[in-house]
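This report refers to the structure that appears directly beneath it.
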Amino acid sequence: MKTFDTRLKPLMKLITAVLFSSCSNFTDIDLPSSQLTASSVFENKTTANAAMVDIYSKIRDRGLLTGYTTGLSRELGLYTDELQYFGISGTAQANFYTNSLLATGSEISELWNSSYNQIYAANSVIKGTEASLSLSIEDKHQLMGEALFVRALVHFYLTNCFGPIPYVTEIDYKKNTTLSKLSQSALYALIKKDLEQAVALLPVNYVGNDRVRPNRGAAQALLARLCLYSEQWEEASNYSSAVLNQSQMYVYPLALDLVFLKESRSTIWQLMPSAAGRNTYEGNTSIFTQGPPSSASISPHLLNAFSSSDQRKTQWIKAVTNGSSTWYHANKYKRQTTTATSLEYSIVLRIAEQYLIRAESRAHSGDLIGAKEDLNKIRNNAGLQNTLAETPEQIIDAILAERRLELFTEHGHRFFDLKRTGRLNTELSSVKTQWSATDQLLPLPESELLLNTNLNPQNEGY
Amino acid sequence: MNYFSYYKGGKALYCLIFTAVLFTFSSSFGRELFRYKNIFFQQNQVQGTVTDGSTPLPGVNVSIKGKTNNSSTTDYSGQYTINARVSDTLIVSFIGFKTKFIPVNNSTKIDIKLEYDTTTLQEVRVNAGYYSVKESDRTGSISRITSKDIEMQPVTNILGVMQGRMPGVNITQNSGMPGAGFGIQIRGQNSIRNDGNSPMYIIDGVPYSSQSIGSSLTSPNMPSENSPLNSINPADIETIEVLKDGDATAIYGSRGANGVVLISTKKGKQGKTSFSTTYQHGIGKVIRFKNVLQTPQYLAMRREAFANDGVAQYPASAYDVNGTWDQNRNTNWQKELIGGLADNTNLQASLSGGSLQTNFLFSGNYSRETTVYPGNFDYIKTGGHCNLNHESQNKKFKINFSAIYSAQFSSLPSIDLTQISGRLSPNAPKLYDASGNLNWENNTFDNPIAPLEGKIKGTTYDLLANVMLSYDLGYGLAVRSSFGYTDLNQKQLNFQPHTIFSPSSGFGSEISSLYSNLINRTSWIAEPQLAWNQSIGKAEIEVLAGNTFQSQKGDRQLINATGFSNNALMENPASAATYRVVNSDQSLYRYTAAFMRVNFNWEGKYILNLTGRRDGSSRFGPGKQFASFGAVGAAWNFAKEPVFKKNLEFLSFGKIRASYGTSGNDQIGDYQFLDTYGTSGLTYSGISGLQPSRLSNADFGWETNVKFEVALEAGFFNDRIFTSASWFINKSSNQLVGIPLPGTTGFQSIQANLDAEVQNKGIEITLRTVNMKSKEFSWITNLNFTSLKNELKSFPGLSSSTYRNQFVIGMPLNIQKVYKYEGVDSALGIYQFKDVNGDGVLTAADDKQTIKNLNPKFYGGMQNQLHYRNVDLDFLFQFVRQENFNENFSNPMPGTMFNQPSGVSAHWQSPGDIGPYQAYSNSNTAMILANSRLIQSDAAVSDASYIRLKNISLSYQLPQKWTKNFTCRLSVQGQNILTITKYKGIDPEFRSAGYLPPLRIYSTTVNLTF
């Protein structure tokens, strides 16, 4: 045993030596390979682009514009008279359908939080790009333009749902914690400013082939809609013309079954699915093959609004029957699941809306002939005769009726159109048993009011 | 059984194995064997049996006075053999008994009867982590349970076995699903962060991260993600010690704020080689079902709701009431969906033994639990444990090696059916159609067991190894070092085949989806230490100094694979049409520290214990990484003073101790101080996205916790009555929290230190009485009681902070601000709440002003151990006084298409009625709003105090005359047998609404030892 002890002694000495030594830099560690410092992201075109396009993934998957059941296409469809609900009560969709939203509902905070998260990411791109020393001027313009467009887009939908809200342009949480609400006109002015800047920064041509990143046309198209909503008729008309005049890029009329394909030349901006072979969430959630459906179908109100000769009723809506009953689902997107290569992307902005925007603006500014011309473009494309409307009021009514049929289940157009034209109560109180006048705004999330008292008061009715 | 007999053929076999084992692990065995032979010729062999008067005592140490290297241990039949000279004196010692000295003289057979000695409880050495301390000299607050308490419980989680048995330790079960974890709080909530209150776990000297593993996407069936503690097999554990006060925890510095749980596994012991095996089989079932409406009452409710809403034509989707479904069906869905019997099987085997220098222990275990749900699900846990320890002949060098390896295989339902089982319409259609397929009732029935087409499969492998080397340098100086290594691997798969959806959706396997979460966590630790013990006159001084170097690496990958040509291929993500890495991240945590302990002990009367630690952690930003912690503890064994000895003879033990110390908390996750972008797992236009990881704050630092405690311990009448009372006050400041932020910041919280102070103040009382003690019968009662007050002491700027609606100064952290419920409006039939500020509008900020405290007021346990001849009866009552969310909390609105508690029939029907339930409605907006406020009112919180027979165990040891060469113990156990409570709801103990509460378990056990 002695020899063993002697052999052991050096080891014990080593332990004793280590005992009172200490490495002060033992606790300084490198970044994990899965993370980059925020500033370095914007010193490199590839990573800066990765930060930007990630926002589109988020818009596609969560928040207001997702085609999933938690987005406005489904929720406002149920909230108004576009969709009928078949699922169980107590769910987010049921609450929208019965117009009984609660400020404590997770569906409300989900819309709110994911939207402001997208806005934060856009602001982070703006700040990072501004501070960048290595990005080229062209790249900076592209990124800034896209981020400003996104910031404007998300705020635009937010204020149309929630009314007065804060406009966030900073990334400093201390400032963003105590923001106050702005009136809708102040918000529209800020949105307009951002979009005008985006128009100046963004190139006419798309980055890549699939129209999946916004270009100047996308910013102009959204500006046109903003001006329409704020009744700046001339500007609305001009911005939509600026898009429509790009006839090389945007093609219309277009066969109805081609409008929602990913190659559609009437698309201004669309969101790409998350993986090759996938198609849209819209198709995935609205199509059903047997009845009764498990969640939602096209409501009889919408179905009956189509004339029998309207090609959209047969091409964009599909009937499912079990022999005794028949149900209908939106069939704009025809692919429910994956295909060998993706065939459809989620379209956010398309040319038909621009014709309808210009038609309405022209009608309001007295250009009735021009208005009817634009309206008839849409009608003819759907296989309908020219409109018979004559007076400005008739024409405007006809345009709004057309918007309902053309833009159904696309991100809540029906709700926003009824609201901005003051027709919400009259149209919906006869159809929705639980409708009340205060339902024109969604509730602000209660958790948000508790965390930031400057957001008080709660919207009326909640 | 003859096969195992030492006196027949089995002896040779055993000797062979024993010798082989020793040859493998002791290089010096050959030499020793030779030496023994020499002694053999000079001395007599003495043998005999050691008993307590009636039964033989195994494991008793028999040695010879003055000869430290000659000793023996009694076997399981109480027999010993030792070589001794005529002039020698035998020393017979055993914990719990008085040591006996017996001269050998000319005897060759000496039978010995030992007498119980309760005072020796004070001689037990308690593990304090870096050092151990004699119970009587302890200056800190340490609670302890041993394998004796653990073995009789049919529980597979180590936190489960502690429940109700330790003062100051509050444990609640998260779910009755096999493999779901437990929540633990030691002396209350210190941190405002809900996930910053875990104690530190140390297994055989190696810190074991309790940070949950898994992903919420692969564990939707449980309220929380998997706890790594599931890997530890309770049967492998010798003792669990919980360190609570400053004196005991300061040496753990930054990680001791929430207490430290020390787990020591069983060690090989000197003595005959013995083989022990235990087989346990049990069944578990849900304790009680919710009392819900039967079909006639349910349909009446639905019709009344539509009538109230003015809806004459039932909606197309109201299948229960519009004639689509059979209105005469009446199913008890709780019985169908969670009413099954869970089957538990547990098999343990161990082999242990050793010589003077080298001891070993090998054990293996296997357990399988099934569930109460329909379908084939199970959770299998299997593993091995090995311990080897060796001491050089001159006793200077010691090495102790332990390793635990465990594997868990789970195949569990992907959702918990508990919630739906209490809500499904009683006339909902049958689950299967005539041909045995899932019934969708022509697409009108969202079949609740369809999700069981999917499942969650998990495999977890965990290795924990440690080596402790020590060498005695002489002069009271010893150098030692421990090295530990842990390696945890988990793979969890969440299968969501297309068959979970109704065929009406038209989905095929192209939408079948698989989430796969892979986790690897490895850590190593090295802790070189130097210890010096010296007696100077009447004083004894112990000094310990050491360093810690620890590194923990984490690696995680979450994958989503979608679209399979066939569901049979789902296990292989490579066969998916699309494959996406949702999350892939690595983390590194480095930690270093220097620690020290100095202990003065004057005659065992006056004891002073000083401990300190300086810590550095990579979780903090530059300049904030290091902090120091320390404590002082003192004890006075006053009963040893002559004045007490003389005047208070009945006082057998008396000690006053006090301690004051600081410790810290760094449970905030890694890299939180950095402003970074990380991969989002989302691909867009061929580019893999990057997203901001968090809002960053480089300036946060340690949370500190100051602990003060005074305690009195006293034993009377030879410690037949032993009691302790401690009073403690802990203050946690510089709170490290994720401060909640409004969504407009883009995130929900930011890490920062908050200048708030949280105080936990309370008393802990233990009482142990030996009520009866005779030759054949004994009865011992152990009582523990804890009363604790948690309080937010200060919070500068609370009223302007984002916490203003969550906390109140002077109140506990765990409160709910709720509406004040004022009954049903007798005119309108709708719930009424107090408009506190009288502005005519109910708003959360202004009117949720009633405060409900959800912390227990007091809790404890009472254990009784009765022993009569060969029969042992042990039972534990657990009691808690508290308020908790009741059945109103998770109840959907009465009148909607959900079943209701049967009490709902007392509802408003016509003016003048007062409820207690409001009028039935399916879609009335005002009613929906009122119902949502009821959930957030004081009507949803009520008394949930209970007394529960937590555990009962009855065992019988077959008489030795039947089983000469082995012992056989038969026992029956029960868990959660009886509950006395006023609580309305499924289980008062339970806090995860909507999940399966703890089960009632009955089991039988056979234990054989050879």
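FYI, nothing fancy with the structure tokens labels: chains A, B, ... in order, residues from 1 per chain, ligands from 1 as they appear.
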Neighbour list for Glu146 (chain A) as a ChimeraX atom specification, cut-off 10 Å, only C-alpha atoms, skip fewer than 4 positions in-chain: /A:52-53,122,125-126,140-142,150-152,195,198-199,201-202,213-216,218-219
Among region 200-395 of chain A, which residues carry a DSSP assignment of strand (DSSP E), reported as a list in words? Thr267, Ile268, Trp269, Gln270, Leu271, Ala296, Ser297, Ile298, Ile317, Lys318, Ala319, Val320, Thr321, Thr326, Trp327, Tyr328, His329, Ala330, Ser346, Ile347, Val348, Leu349 and Arg350 of chain A
Keeping only C-alpha atoms, write the selected residues as a PDB file, in the first residue's frame.
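The resulting file, again.pdb, is shown below:
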```
ATOM      1  CA  THR A 267     -51.084  40.006 -57.293  1.00  0.00           C
ATOM      2  CA  ILE A 268     -49.305  43.010 -55.807  1.00  0.00           C
ATOM      3  CA  TRP A 269     -47.945  41.347 -52.700  1.00  0.00           C
ATOM      4  CA  GLN A 270     -48.322  37.867 -51.274  1.00  0.00           C
ATOM      5  CA  LEU A 271     -46.942  35.841 -48.404  1.00  0.00           C
ATOM      6  CA  ALA A 296     -67.141  27.473 -40.445  1.00  0.00           C
ATOM      7  CA  SER A 297     -68.928  27.730 -43.762  1.00  0.00           C
ATOM      8  CA  ILE A 298     -69.981  30.566 -46.080  1.00  0.00           C
ATOM      9  CA  ILE A 317     -67.237  29.077 -53.601  1.00  0.00           C
ATOM     10  CA  LYS A 318     -67.713  25.351 -53.427  1.00  0.00           C
ATOM     11  CA  ALA A 319     -70.712  23.336 -52.293  1.00  0.00           C
ATOM     12  CA  VAL A 320     -70.441  20.230 -50.148  1.00  0.00           C
ATOM     13  CA  THR A 321     -73.479  18.063 -49.682  1.00  0.00           C
ATOM     14  CA  THR A 326     -75.575  21.502 -48.470  1.00  0.00           C
ATOM     15  CA  TRP A 327     -72.812  23.685 -47.065  1.00  0.00           C
ATOM     16  CA  TYR A 328     -70.435  26.045 -48.820  1.00  0.00           C
ATOM     17  CA  HIS A 329     -66.844  27.014 -48.324  1.00  0.00           C
ATOM     18  CA  ALA A 330     -64.641  29.712 -49.773  1.00  0.00           C
ATOM     19  CA  SER A 346     -51.477  34.000 -49.385  1.00  0.00           C
ATOM     20  CA  ILE A 347     -52.313  37.185 -51.264  1.00  0.00           C
ATOM     21  CA  VAL A 348     -52.467  40.391 -49.237  1.00  0.00           C
ATOM     22  CA  LEU A 349     -52.798  43.043 -51.975  1.00  0.00           C
ATOM     23  CA  ARG A 350     -54.227  42.480 -55.431  1.00  0.00           C
TER      24      ARG A 350
END
```
Skip Gln586 (chain B) itself and residues of its chain fewer than 4 positions away, then list as a ChimeraX atom specification all residues within 6 Å of it, counting only C-alpha atoms. /A:32 /B:554-555
Taking C-alpha atoms for each residue, export the selection above as a short mmCIF file (atom, residue, chain, number, x, y, z; two decimals), in the first residue's frame.
```cif
data_model
loop_
_atom_site.label_atom_id
_atom_site.label_comp_id
_atom_site.auth_asym_id
_atom_site.auth_seq_id
_atom_site.Cartn_x
_atom_site.Cartn_y
_atom_site.Cartn_z
CA PRO A 32 -23.89 30.40 -28.66
CA GLY B 554 -27.35 22.57 -23.17
CA ASP B 555 -28.36 21.66 -26.66
#
```
Selected residue, from B:Ser224, B:Thr786, B:Ser216, B:Asn609, that lies nearest to Ala180 (chain B) when counting only C-alpha atoms: B:Ser224
Selection: 12 Å around Thr704 (chain B), only C-alpha atoms, excl. self and same-chain fewer than 2 positions, as a PyMOL selection string: chain B and resi 190-191+246+250+253-258+627-630+661-667+701-702+706-707+730-736+753-759
May I have the selected residues written with C-alpha atoms, as an mmCIF file, in the first residue's frame?
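The file below, out-v7.cif, is the result:
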```
data_model
loop_
_atom_site.group_PDB
_atom_site.id
_atom_site.type_symbol
_atom_site.label_atom_id
_atom_site.label_comp_id
_atom_site.auth_asym_id
_atom_site.auth_seq_id
_atom_site.Cartn_x
_atom_site.Cartn_y
_atom_site.Cartn_z
ATOM 1 C CA ASN B 190 -38.810 34.316 -2.246
ATOM 2 C CA SER B 191 -38.755 35.526 -5.813
ATOM 3 C CA GLY B 246 -28.788 30.881 6.263
ATOM 4 C CA ALA B 250 -24.884 30.203 2.645
ATOM 5 C CA GLY B 253 -24.011 31.015 -2.112
ATOM 6 C CA SER B 254 -25.797 32.285 -5.168
ATOM 7 C CA ARG B 255 -27.835 29.153 -5.561
ATOM 8 C CA GLY B 256 -29.015 28.574 -2.025
ATOM 9 C CA ALA B 257 -31.705 31.226 -1.700
ATOM 10 C CA ASN B 258 -34.574 28.808 -2.201
ATOM 11 C CA ALA B 627 -20.927 38.347 -5.466
ATOM 12 C CA SER B 628 -20.201 37.165 -1.941
ATOM 13 C CA PHE B 629 -22.428 35.396 0.537
ATOM 14 C CA GLY B 630 -21.911 34.278 4.099
ATOM 15 C CA GLY B 661 -26.818 34.520 6.613
ATOM 16 C CA THR B 662 -27.178 35.516 3.015
ATOM 17 C CA SER B 663 -27.597 33.542 -0.156
ATOM 18 C CA GLY B 664 -28.519 34.365 -3.717
ATOM 19 C CA ASN B 665 -30.531 33.348 -6.722
ATOM 20 C CA ASP B 666 -29.397 33.197 -10.331
ATOM 21 C CA GLN B 667 -32.323 31.287 -11.854
ATOM 22 C CA GLY B 701 -27.356 41.321 -10.976
ATOM 23 C CA TRP B 702 -27.853 38.831 -8.184
ATOM 24 C CA VAL B 706 -31.079 37.314 3.975
ATOM 25 C CA LYS B 707 -32.150 34.604 6.377
ATOM 26 C CA ASN B 730 -36.161 35.562 5.329
ATOM 27 C CA LYS B 731 -35.956 38.689 3.242
ATOM 28 C CA SER B 732 -35.358 38.630 -0.456
ATOM 29 C CA SER B 733 -34.324 41.859 -2.095
ATOM 30 C CA ASN B 734 -32.905 43.194 -5.328
ATOM 31 C CA GLN B 735 -35.547 40.993 -6.948
ATOM 32 C CA LEU B 736 -34.465 39.638 -10.291
ATOM 33 C CA ASN B 753 -33.590 43.930 -10.800
ATOM 34 C CA LEU B 754 -36.450 45.385 -8.924
ATOM 35 C CA ASP B 755 -35.945 47.252 -5.706
ATOM 36 C CA ALA B 756 -38.659 45.261 -4.000
ATOM 37 C CA GLU B 757 -38.391 43.217 -0.844
ATOM 38 C CA VAL B 758 -40.217 39.982 -0.157
ATOM 39 C CA GLN B 759 -40.372 38.559 3.324
#
```
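The coordinates place CA of Ser175 (chain B) at 20.4 Å from CA of Ile150 (chain B).
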Among the residues of region 12-189 of chain A, find those DSSP assigns to helix (DSSP H, G or I) from the backbone and print them as a ChimeraX atom specification. /A:12-19,24-27,38-41,45-61,72-79,92-97,106-131,137-162,173-177,184-189
Excluding region 818-823 of chain B and its own-chain neighbours fewer than 2 positions away, which residues fall within 8 Å of it when counting only C-alpha atoms? Please give them as a PyMOL selection string. chain B and resi 816+825+831-834+844+847-852+914-916+933-934+936-939
Counting only C-alpha atoms, which of A:Ala242, A:Ala121, A:Leu384, A:Leu375 gets nearest to Gln691 (chain B)?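 So, comparing all the options, the nearest one is A:Ala121.
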Skipping near chain neighbours, those fewer than 3 positions away, what residues fall within 10 Å of Tyr333 (chain A) using only C-alpha atoms, listed as a tab-separated table (two decimals) with N, CA and C atoms, in the first residue's frame?
```tsv
chain	number	residue	atom	x	y	z
A	257	ASP	N	-59.97	31.53	-62.17
A	257	ASP	CA	-59.24	30.42	-61.54
A	257	ASP	C	-57.73	30.66	-61.51
A	259	VAL	N	-56.54	33.82	-60.53
A	259	VAL	CA	-56.30	34.97	-59.66
A	259	VAL	C	-55.53	34.59	-58.40
A	260	PHE	N	-55.84	33.43	-57.85
A	260	PHE	CA	-55.22	33.08	-56.56
A	260	PHE	C	-54.07	32.07	-56.69
A	261	LEU	N	-53.57	31.92	-57.90
A	261	LEU	CA	-52.37	31.09	-58.04
A	261	LEU	C	-51.15	31.92	-57.71
A	279	ASN	N	-49.15	24.99	-49.19
A	279	ASN	CA	-49.99	26.02	-49.79
A	279	ASN	C	-50.47	26.94	-48.68
A	280	THR	N	-51.66	27.52	-48.84
A	280	THR	CA	-52.00	28.58	-47.89
A	280	THR	C	-52.75	28.07	-46.66
A	281	TYR	N	-52.62	28.82	-45.55
A	281	TYR	CA	-53.44	28.55	-44.37
A	281	TYR	C	-54.91	28.79	-44.69
A	282	GLU	N	-55.16	29.80	-45.56
A	282	GLU	CA	-56.54	30.09	-45.92
A	282	GLU	C	-57.22	28.84	-46.49
A	283	GLY	N	-56.56	28.20	-47.47
A	283	GLY	CA	-57.09	26.99	-48.07
A	283	GLY	C	-57.21	25.88	-47.03
A	284	ASN	N	-56.19	25.78	-46.22
A	284	ASN	CA	-56.14	24.72	-45.23
A	284	ASN	C	-57.29	24.80	-44.23
A	286	SER	N	-60.26	26.73	-44.55
A	286	SER	CA	-61.65	26.97	-44.97
A	286	SER	C	-62.24	25.81	-45.76
A	287	ILE	N	-61.40	24.98	-46.36
A	287	ILE	CA	-61.94	23.89	-47.18
A	287	ILE	C	-62.37	22.72	-46.29
A	316	TRP	N	-65.30	30.58	-56.93
A	316	TRP	CA	-64.64	30.92	-55.68
A	316	TRP	C	-65.38	30.38	-54.46
A	317	ILE	N	-66.48	29.69	-54.70
A	317	ILE	CA	-67.24	29.08	-53.60
A	317	ILE	C	-67.56	27.66	-54.02
A	330	ALA	N	-65.39	28.85	-48.87
A	330	ALA	CA	-64.64	29.71	-49.77
A	330	ALA	C	-63.67	28.83	-50.55
A	336	GLN	N	-56.01	22.50	-50.18
A	336	GLN	CA	-56.16	22.40	-48.74
A	336	GLN	C	-54.85	21.99	-48.08
A	343	LEU	N	-48.51	25.72	-55.00
A	343	LEU	CA	-49.25	26.31	-56.11
A	343	LEU	C	-49.86	27.65	-55.74
A	344	GLU	N	-50.15	27.85	-54.47
A	344	GLU	CA	-50.83	29.07	-54.04
A	344	GLU	C	-50.11	29.70	-52.86
A	345	TYR	N	-50.02	31.03	-52.88
A	345	TYR	CA	-49.48	31.79	-51.75
A	345	TYR	C	-50.62	32.65	-51.19
A	346	SER	N	-50.43	33.17	-49.99
A	346	SER	CA	-51.48	34.00	-49.39
A	346	SER	C	-51.37	35.44	-49.89
A	347	ILE	N	-52.38	35.86	-50.64
A	347	ILE	CA	-52.31	37.18	-51.26
A	347	ILE	C	-52.83	38.25	-50.30
```
Taking 3 positions as the minimum chain separation for residues in the same chain, which residues sit within 10 Å of Glu427 (chain A) when counting only C-alpha atoms? Answer as a ChimeraX atom specification. /A:80-81,418,422-424,430-432
